[in-house]
file input.txt (compact mmCIF, C-alpha atoms)
# COMPACT_ATOMS: atom_id res chain seq x y z
CA MET M 13 -6.59 1.18 32.96
CA ASN M 14 -8.32 4.42 33.98
CA ARG M 15 -10.35 4.59 37.15
CA GLN M 16 -14.02 5.13 36.44
CA THR M 17 -16.87 7.08 37.98
CA LYS M 18 -20.59 6.98 37.31
CA THR M 19 -22.50 10.14 36.62
CA HIS M 20 -26.12 10.40 35.42
CA GLY M 21 -26.09 6.71 34.58
CA LEU M 22 -22.98 7.01 32.38
CA THR M 23 -19.66 5.41 33.28
CA GLN M 24 -16.98 8.04 32.84
CA ALA M 25 -13.17 8.02 33.09
CA ALA M 26 -12.12 9.70 36.33
CA THR M 27 -9.02 11.28 34.77
CA PRO M 28 -8.23 12.65 31.30
CA VAL M 29 -5.21 10.36 30.93
CA GLY M 30 -5.22 8.62 27.54
CA THR M 31 -4.74 4.95 26.77
CA HIS M 32 -0.94 5.35 26.50
CA GLU M 33 0.54 6.89 29.63
CA GLY M 34 2.71 9.89 28.88
CA TYR M 35 1.42 10.38 25.34
CA MET M 36 -1.52 11.90 23.46
CA PRO M 37 -2.81 10.19 20.30
CA GLY M 38 -3.27 11.74 16.87
CA PHE M 39 -1.33 13.21 13.95
CA ALA M 40 -1.28 17.02 13.56
CA ASN M 41 -3.88 17.33 16.29
CA ASP M 42 -4.30 20.53 18.23
CA PHE M 43 -3.08 19.21 21.57
CA GLU M 44 -3.16 20.80 25.00
CA THR M 45 -1.25 19.63 28.06
CA GLU M 46 0.06 21.02 31.33
CA ALA M 47 2.51 19.67 33.89
CA LEU M 48 1.09 21.88 36.68
CA PRO M 49 -2.64 22.48 37.20
CA GLY M 50 -3.80 25.79 35.77
CA ALA M 51 -0.54 26.47 33.92
CA LEU M 52 -2.28 26.47 30.54
CA PRO M 53 -4.38 29.58 29.84
CA GLN M 54 -7.94 28.86 28.73
CA GLY M 55 -9.81 30.76 26.05
CA MET M 56 -6.81 32.87 25.01
CA ASN M 57 -3.15 32.51 24.10
CA SER M 58 -1.44 35.52 25.63
CA PRO M 59 -2.91 36.72 28.93
CA GLN M 60 -1.49 39.85 30.52
CA LYS M 61 -0.02 37.65 33.24
CA CYS M 62 0.42 33.88 33.01
CA ASN M 63 -0.09 31.66 36.03
CA TYR M 64 2.98 30.63 38.05
CA GLY M 65 4.88 33.61 36.63
CA LEU M 66 5.35 31.81 33.32
CA TYR M 67 6.16 33.46 29.99
CA GLY M 68 3.97 32.88 26.95
CA GLU M 69 5.86 32.15 23.72
CA GLN M 70 4.88 30.85 20.29
CA LEU M 71 6.90 28.36 18.23
CA SER M 72 5.94 28.60 14.54
CA GLY M 73 6.73 25.78 12.12
CA THR M 74 5.27 27.59 9.11
CA ALA M 75 4.91 31.14 7.89
CA PHE M 76 2.19 33.00 9.74
CA THR M 77 -0.09 33.00 6.68
CA ALA M 78 0.25 29.29 5.87
CA ASN M 79 -3.01 27.37 5.72
CA PRO M 80 -3.28 25.66 8.07
CA PRO M 81 -0.64 27.27 10.28
CA GLU M 82 1.57 24.97 12.30
CA ARG M 83 2.36 26.52 15.64
CA THR M 84 2.48 25.77 19.33
CA TRP M 85 2.01 28.12 22.24
CA THR M 86 4.34 27.38 25.16
CA TYR M 87 4.24 28.61 28.72
CA ARG M 88 7.72 28.49 30.13
CA ILE M 89 9.85 29.47 33.09
CA ARG M 90 12.04 31.73 30.94
CA PRO M 91 11.53 32.99 27.40
CA SER M 92 13.82 31.36 24.86
CA VAL M 93 15.92 34.51 24.52
CA LYS M 94 17.30 33.61 27.97
CA HIS M 95 18.50 30.33 26.48
CA SER M 96 20.40 32.13 23.73
CA ALA M 97 23.67 34.00 24.17
CA ARG M 98 26.75 34.71 22.07
CA TYR M 99 27.56 31.89 19.67
CA LYS M 100 30.80 30.35 18.57
CA LYS M 101 31.26 27.92 15.70
CA VAL M 102 31.92 24.29 16.57
CA ASP M 103 32.92 21.42 14.33
CA LEU M 104 30.96 18.21 13.96
CA PRO M 105 33.04 16.76 11.11
CA HIS M 106 30.86 13.74 10.32
CA TRP M 107 27.56 15.67 10.03
CA LYS M 108 27.27 17.18 6.54
CA SER M 109 24.61 19.25 4.78
CA ALA M 110 23.69 19.74 1.14
CA PRO M 111 25.12 20.91 -1.11
CA ASN M 112 28.03 18.63 -0.32
CA VAL M 113 29.47 17.39 -3.61
CA ASP M 114 32.93 15.89 -3.06
CA PRO M 115 34.89 16.04 -6.35
CA ASP M 116 36.77 12.89 -5.39
CA VAL M 117 33.63 10.81 -4.78
CA ILE M 118 31.54 9.13 -7.48
CA SER M 119 27.86 9.12 -6.53
CA LEU M 120 26.77 7.61 -9.83
CA GLY M 121 26.31 3.93 -9.15
CA GLN M 122 24.45 1.25 -7.24
CA TYR M 123 25.83 1.05 -3.71
CA ARG M 124 25.33 -1.13 -0.65
CA TRP M 125 26.89 -1.02 2.81
CA ASP M 126 27.24 -3.43 5.69
CA PRO M 127 26.25 -2.03 9.10
CA VAL M 128 28.55 0.76 10.27
CA PRO M 129 30.31 -0.80 13.29
CA HIS M 130 30.14 0.68 16.74
CA SER M 131 33.07 2.74 17.96
CA GLU M 132 34.98 2.31 21.21
CA GLN M 133 34.64 6.07 21.72
CA ASN M 134 31.94 7.68 23.81
CA LEU M 135 29.64 9.15 21.19
CA THR M 136 26.63 11.34 21.84
CA TRP M 137 23.75 12.15 19.51
CA LEU M 138 25.84 14.98 18.04
CA THR M 139 29.27 13.39 17.82
CA GLY M 140 27.85 10.03 16.73
CA MET M 141 25.95 11.34 13.70
CA HIS M 142 27.55 10.20 10.42
CA THR M 143 26.16 11.55 7.14
CA MET M 144 25.89 9.06 4.28
CA THR M 145 24.21 11.13 1.55
CA THR M 146 23.00 14.67 0.91
CA ALA M 147 20.49 15.99 -1.63
CA GLY M 148 19.16 19.41 -2.55
CA ASP M 149 20.22 22.57 -0.70
CA VAL M 150 19.82 23.27 2.99
CA ASN M 151 19.94 27.04 2.32
CA THR M 152 16.91 27.00 0.03
CA GLN M 153 15.14 24.46 2.27
CA VAL M 154 14.74 21.69 -0.28
CA GLY M 155 16.07 18.15 -0.17
CA MET M 156 17.43 15.99 2.60
CA ALA M 157 20.37 14.17 4.12
CA SER M 158 20.58 10.59 5.34
CA HIS M 159 22.64 9.65 8.37
CA ILE M 160 23.70 6.73 10.48
CA TYR M 161 23.81 7.43 14.22
CA LEU M 162 26.11 5.57 16.59
CA VAL M 163 25.35 6.61 20.18
CA THR M 164 26.88 5.22 23.36
CA ALA M 165 26.67 8.19 25.75
CA SER M 166 23.90 10.48 26.94
CA MET M 167 24.05 14.24 26.47
CA GLU M 168 24.75 15.74 29.90
CA ASP M 169 23.81 19.38 30.47
CA ALA M 170 23.92 19.68 26.70
CA TYR M 171 21.04 20.48 24.36
CA PHE M 172 20.49 20.81 20.63
CA PHE M 173 18.12 22.06 17.99
CA SER M 174 18.18 22.29 14.22
CA ALA M 175 17.02 25.41 12.45
CA ASP M 176 17.63 23.58 9.18
CA SER M 177 15.37 20.60 9.34
CA GLU M 178 13.07 18.17 11.02
CA LEU M 179 14.52 14.75 11.82
CA LEU M 180 12.93 11.37 11.18
CA VAL M 181 14.66 8.88 13.47
CA VAL M 182 14.57 5.14 12.69
CA PRO M 183 16.24 3.06 15.46
CA GLN M 184 17.83 -0.23 14.51
CA GLU M 185 19.58 -1.14 17.76
CA GLY M 186 19.31 0.13 21.34
CA ARG M 187 16.85 2.49 23.03
CA LEU M 188 16.94 6.29 23.14
CA ARG M 189 15.10 8.96 25.10
CA PHE M 190 14.41 12.37 23.56
CA CYS M 191 13.87 14.90 26.33
CA THR M 192 12.29 17.80 24.44
CA GLU M 193 10.82 21.15 25.30
CA LEU M 194 7.35 19.65 24.82
CA GLY M 195 7.88 16.37 26.69
CA ILE M 196 9.61 13.00 26.65
CA ILE M 197 9.70 10.49 23.78
CA ASP M 198 11.26 7.03 24.18
CA VAL M 199 12.04 5.09 20.99
CA GLU M 200 13.38 1.64 20.19
CA PRO M 201 13.68 -0.56 17.09
CA LYS M 202 10.38 -0.97 15.19
CA GLU M 203 9.44 2.59 16.23
CA ILE M 204 10.22 5.98 14.72
CA ALA M 205 10.34 9.52 16.09
CA ILE M 206 9.77 12.83 14.32
CA ILE M 207 11.55 15.85 15.85
CA PRO M 208 10.37 19.20 14.41
CA ARG M 209 12.61 21.97 13.17
CA GLY M 210 13.48 24.43 15.94
CA LEU M 211 12.58 22.19 18.90
CA VAL M 212 15.20 22.02 21.66
CA TYR M 213 16.03 18.58 23.06
CA ARG M 214 18.57 16.35 24.79
CA VAL M 215 19.16 12.69 23.86
CA GLU M 216 19.79 10.04 26.52
CA VAL M 217 20.83 6.40 26.11
CA LEU M 218 18.35 4.06 27.80
CA GLU M 219 19.92 0.88 26.47
CA GLY M 220 23.06 0.91 24.37
CA PRO M 221 24.95 0.84 22.20
CA CYS M 222 22.47 2.54 19.86
CA ARG M 223 22.50 2.53 16.09
CA GLY M 224 19.91 3.71 13.63
CA PHE M 225 19.06 5.81 10.61
CA VAL M 226 18.06 9.46 10.33
CA CYS M 227 16.37 11.31 7.48
CA GLU M 228 17.05 15.02 7.81
CA ASN M 229 14.27 16.83 5.99
CA TYR M 230 15.17 20.34 4.82
CA GLY M 231 11.81 20.97 3.15
CA GLN M 232 8.15 21.01 4.06
CA LYS M 233 7.41 18.88 7.08
CA PHE M 234 6.29 15.27 6.93
CA GLU M 235 2.59 14.60 6.64
CA LEU M 236 0.39 11.58 6.10
CA PRO M 237 0.02 10.69 2.42
CA GLY M 238 -3.31 11.13 0.66
CA ARG M 239 -5.04 7.76 0.55
CA GLY M 240 -7.10 8.42 -2.56
CA PRO M 241 -9.27 5.40 -3.45
CA ILE M 242 -7.92 3.50 -0.42
CA GLY M 243 -10.20 5.60 1.76
CA ALA M 244 -10.02 6.33 5.47
CA ASN M 245 -8.34 3.17 6.75
CA CYS M 246 -5.05 1.21 6.52
CA LEU M 247 -1.50 2.48 5.95
CA ALA M 248 -0.49 4.65 8.94
CA ASN M 249 -3.57 5.67 10.93
CA PRO M 250 -3.45 9.08 12.66
CA ARG M 251 -4.47 7.69 16.08
CA ASP M 252 -1.28 5.61 16.26
CA PHE M 253 1.00 8.66 16.33
CA LYS M 254 1.78 9.75 19.89
CA ALA M 255 2.76 13.23 21.04
CA PRO M 256 4.26 13.68 24.52
CA VAL M 257 2.55 15.29 27.49
CA ALA M 258 4.16 18.36 29.04
CA ALA M 259 7.28 17.83 31.15
CA PHE M 260 9.79 20.44 32.32
CA GLU M 261 13.14 20.92 34.04
CA ASP M 262 13.77 23.74 36.52
CA ARG M 263 17.52 23.33 36.86
CA GLU M 264 20.09 26.07 37.45
CA THR M 265 22.98 24.17 35.89
CA PRO M 266 25.58 25.54 33.45
CA SER M 267 24.69 24.02 30.08
CA THR M 268 25.51 24.20 26.40
CA LEU M 269 23.06 24.63 23.54
CA THR M 270 24.20 23.63 20.04
CA ILE M 271 22.33 24.92 17.00
CA LYS M 272 22.48 23.65 13.42
CA TRP M 273 21.91 26.64 11.16
CA CYS M 274 22.47 26.67 7.36
CA GLY M 275 24.65 23.59 7.62
CA GLN M 276 26.94 25.02 10.28
CA PHE M 277 27.03 24.27 13.99
CA HIS M 278 27.16 26.93 16.68
CA GLU M 279 27.31 26.61 20.44
CA THR M 280 26.27 28.94 23.22
CA GLU M 281 26.63 28.65 26.98
CA ILE M 282 23.62 29.20 29.23
CA PRO M 283 23.24 28.97 33.02
CA GLN M 284 20.17 26.69 33.09
CA SER M 285 18.24 23.96 31.32
CA PRO M 286 16.21 25.22 28.35
CA LEU M 287 13.62 22.45 28.79
CA ASP M 288 11.40 24.66 30.93
CA VAL M 289 8.01 24.48 29.18
CA VAL M 290 5.40 23.83 31.88
CA ALA M 291 2.37 23.80 29.56
CA TRP M 292 1.67 23.96 25.84
CA HIS M 293 -1.02 23.74 23.21
CA GLY M 294 -0.83 23.53 19.43
CA ASN M 295 -0.22 21.31 16.44
CA TYR M 296 3.57 21.66 16.06
CA ALA M 297 4.98 18.87 18.19
CA PRO M 298 7.26 15.82 18.20
CA TYR M 299 5.78 12.36 17.64
CA LYS M 300 6.57 8.71 17.94
CA TYR M 301 5.00 5.92 15.87
CA ASP M 302 5.14 2.14 16.18
CA LEU M 303 5.88 0.68 12.74
CA ARG M 304 4.15 -2.54 13.79
CA ASN M 305 0.89 -0.60 13.57
CA TYR M 306 1.42 0.08 9.87
CA CYS M 307 -1.25 -1.78 7.86
CA PRO M 308 0.07 -2.46 4.33
CA VAL M 309 -2.21 -2.81 1.33
CA GLY M 310 -1.27 -4.44 -1.96
CA ALA M 311 -2.29 -6.43 -5.02
CA ILE M 312 -4.76 -9.24 -4.30
CA LEU M 313 -5.15 -10.54 -7.86
CA PHE M 314 -2.21 -9.73 -10.15
CA ASP M 315 0.81 -7.43 -10.67
CA HIS M 316 3.12 -5.71 -8.20
CA PRO M 317 2.14 -2.15 -7.24
CA ASP M 318 4.56 0.77 -7.09
CA PRO M 319 6.42 1.12 -3.75
CA SER M 320 4.48 4.33 -3.12
CA ILE M 321 1.65 2.06 -1.90
CA PHE M 322 3.78 1.51 1.23
CA THR M 323 4.28 5.21 2.09
CA VAL M 324 4.14 5.96 5.82
CA LEU M 325 4.94 9.70 5.65
CA THR M 326 5.57 12.14 2.83
CA ALA M 327 7.17 15.58 2.70
CA PRO M 328 5.73 17.41 -0.33
CA SER M 329 7.71 19.48 -2.79
CA GLY M 330 6.63 22.34 -5.02
CA VAL M 331 5.78 19.84 -7.77
CA PRO M 332 2.38 18.18 -7.25
CA GLY M 333 2.68 14.42 -6.98
CA THR M 334 6.47 14.53 -6.58
CA ALA M 335 7.71 14.26 -3.02
CA ASN M 336 10.66 16.05 -1.52
CA ILE M 337 10.88 12.86 0.58
CA ASP M 338 8.78 9.74 0.94
CA PHE M 339 9.33 7.45 3.93
CA VAL M 340 8.31 3.99 2.73
CA LEU M 341 8.05 0.82 4.84
CA PHE M 342 8.41 -2.79 3.68
CA ARG M 343 7.18 -4.96 6.54
CA GLU M 344 5.62 -8.39 7.00
CA ARG M 345 2.72 -9.03 4.61
CA TRP M 346 0.96 -11.69 2.57
CA MET M 347 1.80 -12.17 -1.09
CA VAL M 348 -1.16 -13.58 -3.00
CA ALA M 349 -1.04 -12.20 -6.57
CA GLU M 350 -1.60 -14.74 -9.35
CA ASP M 351 0.65 -15.18 -12.41
CA THR M 352 2.82 -12.35 -11.09
CA PHE M 353 6.50 -11.70 -10.57
CA ARG M 354 6.09 -10.81 -6.92
CA PRO M 355 9.34 -9.08 -5.87
CA PRO M 356 10.01 -5.50 -7.02
CA TRP M 357 10.57 -5.54 -10.76
CA TYR M 358 13.60 -4.16 -12.59
CA HIS M 359 13.27 -0.42 -12.96
CA LYS M 360 14.84 3.01 -13.35
CA ASN M 361 13.29 5.82 -11.35
CA ILE M 362 13.37 9.62 -11.34
CA MET M 363 13.39 9.32 -7.55
CA SER M 364 16.59 8.42 -5.69
CA GLU M 365 16.12 5.48 -3.32
CA LEU M 366 18.10 4.98 -0.12
CA MET M 367 17.10 1.84 1.75
CA GLY M 368 17.88 0.57 5.23
CA ASN M 369 17.26 -2.80 6.86
CA ILE M 370 15.86 -2.76 10.41
CA TYR M 371 15.63 -6.55 10.75
CA GLY M 372 15.17 -9.71 8.70
CA GLN M 373 15.62 -10.39 5.00
CA TYR M 374 14.45 -8.25 2.08
CA ASP M 375 12.73 -10.29 -0.64
CA ALA M 376 14.47 -8.73 -3.66
CA LYS M 377 17.94 -9.14 -2.14
CA PRO M 378 18.03 -12.33 -0.03
CA GLN M 379 21.80 -12.09 0.44
CA GLY M 380 23.99 -9.17 1.45
CA PHE M 381 21.35 -6.66 2.56
CA VAL M 382 21.60 -7.27 6.30
CA PRO M 383 20.04 -5.59 9.37
CA GLY M 384 21.75 -2.28 9.95
CA GLY M 385 22.87 -2.14 6.33
CA MET M 386 21.96 0.40 3.65
CA SER M 387 21.76 0.62 -0.12
CA LEU M 388 21.53 3.50 -2.58
CA HIS M 389 20.06 3.44 -6.07
CA ASN M 390 20.36 6.94 -7.43
CA MET M 391 18.05 8.61 -9.90
CA MET M 392 17.74 6.87 -13.29
CA LEU M 393 20.15 4.07 -12.38
CA PRO M 394 18.70 0.58 -13.09
CA HIS M 395 18.27 -1.91 -10.29
CA GLY M 396 16.14 -4.87 -9.26
CA PRO M 397 16.37 -8.46 -8.02
CA ASP M 398 19.61 -10.40 -8.20
CA ARG M 399 19.75 -13.67 -10.15
CA ASP M 400 18.74 -15.95 -7.27
CA ALA M 401 15.75 -13.78 -6.38
CA PHE M 402 14.71 -13.59 -10.04
CA GLU M 403 14.92 -17.37 -10.57
CA LYS M 404 13.08 -18.15 -7.36
CA ALA M 405 10.27 -15.68 -8.09
CA SER M 406 9.96 -16.72 -11.73
CA ASN M 407 9.57 -20.41 -10.91
CA ALA M 408 7.76 -20.38 -7.57
CA ASN M 409 4.48 -22.17 -6.96
CA LEU M 410 2.26 -19.12 -6.52
CA GLY M 411 0.15 -20.03 -3.55
CA PRO M 412 -0.43 -17.55 -0.71
CA ASP M 413 2.97 -16.80 0.84
CA LYS M 414 3.67 -14.90 4.07
CA LEU M 415 6.66 -12.59 3.79
CA ASP M 416 7.65 -12.82 7.43
CA ASN M 417 10.28 -11.48 9.85
CA THR M 418 11.23 -8.53 7.67
CA MET M 419 11.25 -4.76 8.07
CA SER M 420 13.10 -2.45 5.71
CA PHE M 421 12.44 1.13 4.72
CA MET M 422 13.26 3.67 2.04
CA PHE M 423 14.10 7.37 2.12
CA GLU M 424 13.09 8.36 -1.40
CA THR M 425 13.66 11.85 -2.77
CA ARG M 426 13.16 13.69 -6.06
CA PHE M 427 16.80 14.89 -5.83
CA PRO M 428 20.00 12.97 -6.60
CA GLN M 429 21.75 11.82 -3.43
CA HIS M 430 25.47 12.58 -3.22
CA LEU M 431 27.73 10.31 -1.21
CA THR M 432 29.84 11.85 1.52
CA ALA M 433 33.53 11.03 1.87
CA PHE M 434 32.58 8.97 4.93
CA ALA M 435 30.13 6.85 2.91
CA ALA M 436 32.62 6.40 0.07
CA ASN M 437 35.78 5.74 2.08
CA ASP M 438 35.09 4.87 5.73
CA ALA M 439 31.70 3.13 5.88
CA PRO M 440 31.82 -0.63 5.08
CA LEU M 441 30.95 -0.39 1.37
CA GLN M 442 30.33 -3.69 -0.41
CA ASP M 443 32.60 -3.28 -3.41
CA ASP M 444 31.12 -6.35 -5.08
CA TYR M 445 27.47 -5.27 -4.85
CA ILE M 446 27.27 -4.34 -8.54
CA ASP M 447 28.37 -7.90 -9.36
CA CYS M 448 25.13 -9.39 -8.00
CA TRP M 449 23.57 -8.87 -11.45
CA ASP M 450 26.48 -10.37 -13.44
CA SER M 451 25.01 -13.86 -13.52
CA LEU M 452 21.67 -12.79 -15.01
CA GLU M 453 21.28 -14.80 -18.18
CA LYS M 454 20.07 -13.99 -21.62
CA LYS M 455 16.83 -15.99 -21.93
CA PHE M 456 15.54 -14.58 -25.20
CA ASP M 457 14.06 -17.12 -27.58
CA GLY M 458 12.35 -15.90 -30.74
CA THR M 459 10.02 -18.90 -30.88
CA PRO M 460 6.41 -17.56 -31.03
CA GLY M 461 4.39 -18.21 -27.87
CA ARG M 462 7.35 -19.42 -25.80
CA LYS M 463 7.68 -18.14 -22.24

call {"tool": "encode", "arguments": {"input": "input.txt", "output": "structure tokens"}}
result
Amino acid sequence: MNRQTKTHGLTQAATPVGTHEGYMPGFANDFETEALPGALPQGMNSPQKCNYGLYGEQLSGTAFTANPPERTWTYRIRPSVKHSARYKKVDLPHWKSAPNVDPDVISLGQYRWDPVPHSEQNLTWLTGMHTMTTAGDVNTQVGMASHIYLVTASMEDAYFFSADSELLVVPQEGRLRFCTELGIIDVEPKEIAIIPRGLVYRVEVLEGPCRGFVCENYGQKFELPGRGPIGANCLANPRDFKAPVAAFEDRETPSTLTIKWCGQFHETEIPQSPLDVVAWHGNYAPYKYDLRNYCPVGAILFDHPDPSIFTVLTAPSGVPGTANIDFVLFRERWMVAEDTFRPPWYHKNIMSELMGNIYGQYDAKPQGFVPGGMSLHNMMLPHGPDRDAFEKASNANLGPDKLDNTMSFMFETRFPQHLTAFAANDAPLQDDYIDCWDSLEKKFDGTPGRK
């Protein structure tokens, strides 16, 4: 709790610290923060000389003429060109980028995987990233990739950034710390983190082993969905997103910086830490968000709404109303609709749906879709409840029912998702998943009025 002072009869916070220590609330806000007093210039962006001998530098997440522009001004110990030297290619064989169409892999199908098991190897954020699917084209900046991360070791004197994409991180097990140029973000299961394109960071293990899901967004950055008739409240509220306060390293230690650029990885050696931003202001920043703050809305009389009603974040495409990626959350909620088949109905969809289970049981698939597991239903392939879920939902007594202890999500994209060789051959694929619909019965009866 903040200390308080009284001035002119008003009780006022004595410090500008927010209600969550180390973080500033709001989505796409224009933040300002400094780790040393007076490090942040006031009233201008680029003074002739910055305090403390700092260098002013801008990080742009959009073209200069975008409206609104997304950019952050940083004030750092060295300009970024001092953290960039000659590059050499390095191989991260499990991290793939689109287009990645393996001629020996069939992506056409309904697929489901058990959790990818942890390895006995020491795996960092880079070496522990395993791509499951790719979609679109990283070179034209459309589409996405989905990954599983298995992390047991912290990055030591090693740093990374992606010129290709922003990353949406969904932990399922363990706790991670993202030490970024703009501050520190700690994440654990039931939280997510968004790491912007171009931002340098190091990932540390706070509690391991760590496993989770990553959506690598090649296209326009994630934003909050338009609420339309819903209005100003519910779904993901902007105040619940947290950006970090400024934090910096002043370390003269030989380090490596790895860059992902057009699907390839390059490494350069530098003599110091690149996390040397002492102050910054702007609207291009990393975030964390607690999924337990997501307030779902749904049908309160009849019918089952489209899953888009559960969208947390969306990355738009060039086609209005059609997302490059939607991040959709299925969490605890009340089911109250009358005379309604309450689970998701059978459907085919132009969007390709990759789901992951964070914890609990998903209502349309009570068996087989376990925490840490994934499923893929590609574009225009039919899917829906298995027989047991159908029979239960068709014959249930439809009183108010709490769908409890459940949290799953979906990375949904307008592009077909292609399986990697790892997903097809090495990840624990459930070969019998397609059989879950075999026992669905023909119930047709031509008798008029019969249900």

call {"tool": "closest_atom_pairs", "arguments": {"input": "input.txt", "of": "segment 78-163 of chain M", "to": "segment 318-329 of chain M", "cutoff": "12 Å", "atoms": "only C-alpha atoms", "output": "tab-separated table"}}
result
residue	atom	partner	partner_atom	distance
M:Gly148	CA	M:Ser329	CA	11.5
M:Gln153	CA	M:Ser329	CA	10.3
M:Val154	CA	M:Ser329	CA	7.8
M:Gly155	CA	M:Ser329	CA	8.9
M:Met156	CA	M:Ala327	CA	10.3

call {"tool": "residues_around", "arguments": {"input": "input.txt", "residues": "Tyr213 of chain M", "least_positions_apart": "6", "cutoff": "9 Å", "atoms": "all atoms listed in the file", "output": "list of chain:residue names"}}
result
M:Ala170, M:Tyr171, M:Phe172, M:Phe173, M:Phe190, M:Cys191, M:Thr192, M:Glu193, M:Leu194, M:Ile207, M:Pro286, M:Leu287

call {"tool": "atom_distance", "arguments": {"input": "input.txt", "atom1": "atom CA of Thr146 of chain M", "atom2": "atom CA of Phe381 of chain M"}}
result
21.5 Å

call {"tool": "closest_residue", "arguments": {"input": "input.txt", "among": "M:Trp137, M:Tyr358, M:Phe353, M:Trp346", "to": "Pro412 of chain M", "atoms": "only C-alpha atoms"}}
result
M:Trp346

call {"tool": "atom_distance", "arguments": {"input": "input.txt", "atom1": "atom CA of Leu180 of chain M", "atom2": "atom CA of Val226 of chain M"}}
result
5.5 Å

call {"tool": "residues_around", "arguments": {"input": "input.txt", "residues": "Val382 of chain M", "least_positions_apart": "5", "cutoff": "12 Å", "atoms": "all atoms listed in the file", "output": "list in words"}}
result
Arg124, Trp125, Asp126, Pro127, Val128, Gln184, Met367, Gly368, Asn369, Ile370, Tyr371, Gly372, Gln373, Tyr374, Asp375, Lys377, Ser387, Thr418, Met419, Ser420 and Gln442 of chain M

call {"tool": "residues_around", "arguments": {"input": "input.txt", "residues": "segment 56-61 of chain M", "least_positions_apart": "4", "cutoff": "12 Å", "atoms": "only C-alpha atoms", "output": "PyMOL selection string"}}
result
chain M and resi 44+51-52+65-70+83-87+291-294

call {"tool": "build_atoms", "arguments": {"input": "input.txt", "residues": "segment 441-445 of chain M", "atoms": "all heavy atoms", "output": "PDB file, keeping the file's coordinate frame"}}
result
ATOM      1  N   LEU M 441      31.549  -0.265   2.699  1.00  0.00           N
ATOM      2  CA  LEU M 441      30.950  -0.390   1.370  1.00  0.00           C
ATOM      3  C   LEU M 441      31.211  -1.785   0.809  1.00  0.00           C
ATOM      4  O   LEU M 441      32.331  -2.296   0.873  1.00  0.00           O
ATOM      5  CB  LEU M 441      31.532   0.668   0.451  1.00  0.00           C
ATOM      6  CG  LEU M 441      30.996   0.756  -0.972  1.00  0.00           C
ATOM      7  CD1 LEU M 441      29.549   1.191  -0.982  1.00  0.00           C
ATOM      8  CD2 LEU M 441      31.849   1.727  -1.791  1.00  0.00           C
ATOM      9  N   GLN M 442      30.185  -2.391   0.256  1.00  0.00           N
ATOM     10  CA  GLN M 442      30.330  -3.690  -0.410  1.00  0.00           C
ATOM     11  C   GLN M 442      30.772  -3.446  -1.853  1.00  0.00           C
ATOM     12  O   GLN M 442      29.950  -3.150  -2.725  1.00  0.00           O
ATOM     13  CB  GLN M 442      29.009  -4.461  -0.366  1.00  0.00           C
ATOM     14  CG  GLN M 442      28.539  -4.823   1.033  1.00  0.00           C
ATOM     15  CD  GLN M 442      27.218  -5.573   1.019  1.00  0.00           C
ATOM     16  OE1 GLN M 442      26.723  -5.986  -0.025  1.00  0.00           O
ATOM     17  NE2 GLN M 442      26.631  -5.759   2.200  1.00  0.00           N
ATOM     18  N   ASP M 443      32.056  -3.578  -2.088  1.00  0.00           N
ATOM     19  CA  ASP M 443      32.600  -3.280  -3.410  1.00  0.00           C
ATOM     20  C   ASP M 443      32.050  -4.200  -4.490  1.00  0.00           C
ATOM     21  O   ASP M 443      32.063  -3.847  -5.678  1.00  0.00           O
ATOM     22  CB  ASP M 443      34.130  -3.376  -3.385  1.00  0.00           C
ATOM     23  CG  ASP M 443      34.769  -2.263  -2.564  1.00  0.00           C
ATOM     24  OD1 ASP M 443      34.168  -1.171  -2.490  1.00  0.00           O
ATOM     25  OD2 ASP M 443      35.849  -2.485  -1.990  1.00  0.00           O
ATOM     26  N   ASP M 444      31.590  -5.383  -4.088  1.00  0.00           N
ATOM     27  CA  ASP M 444      31.120  -6.350  -5.080  1.00  0.00           C
ATOM     28  C   ASP M 444      29.617  -6.303  -5.304  1.00  0.00           C
ATOM     29  O   ASP M 444      29.067  -7.159  -5.992  1.00  0.00           O
ATOM     30  CB  ASP M 444      31.535  -7.763  -4.666  1.00  0.00           C
ATOM     31  CG  ASP M 444      30.933  -8.185  -3.320  1.00  0.00           C
ATOM     32  OD1 ASP M 444      30.382  -7.310  -2.615  1.00  0.00           O
ATOM     33  OD2 ASP M 444      31.026  -9.385  -2.977  1.00  0.00           O
ATOM     34  N   TYR M 445      28.924  -5.298  -4.739  1.00  0.00           N
ATOM     35  CA  TYR M 445      27.470  -5.270  -4.850  1.00  0.00           C
ATOM     36  C   TYR M 445      27.019  -5.255  -6.308  1.00  0.00           C
ATOM     37  O   TYR M 445      26.100  -5.981  -6.706  1.00  0.00           O
ATOM     38  CB  TYR M 445      26.911  -4.061  -4.105  1.00  0.00           C
ATOM     39  CG  TYR M 445      25.421  -3.855  -4.280  1.00  0.00           C
ATOM     40  CD1 TYR M 445      24.520  -4.901  -4.102  1.00  0.00           C
ATOM     41  CD2 TYR M 445      24.903  -2.611  -4.631  1.00  0.00           C
ATOM     42  CE1 TYR M 445      23.150  -4.714  -4.260  1.00  0.00           C
ATOM     43  CE2 TYR M 445      23.547  -2.411  -4.785  1.00  0.00           C
ATOM     44  CZ  TYR M 445      22.670  -3.468  -4.610  1.00  0.00           C
ATOM     45  OH  TYR M 445      21.328  -3.275  -4.775  1.00  0.00           O
TER      46      TYR M 445
END
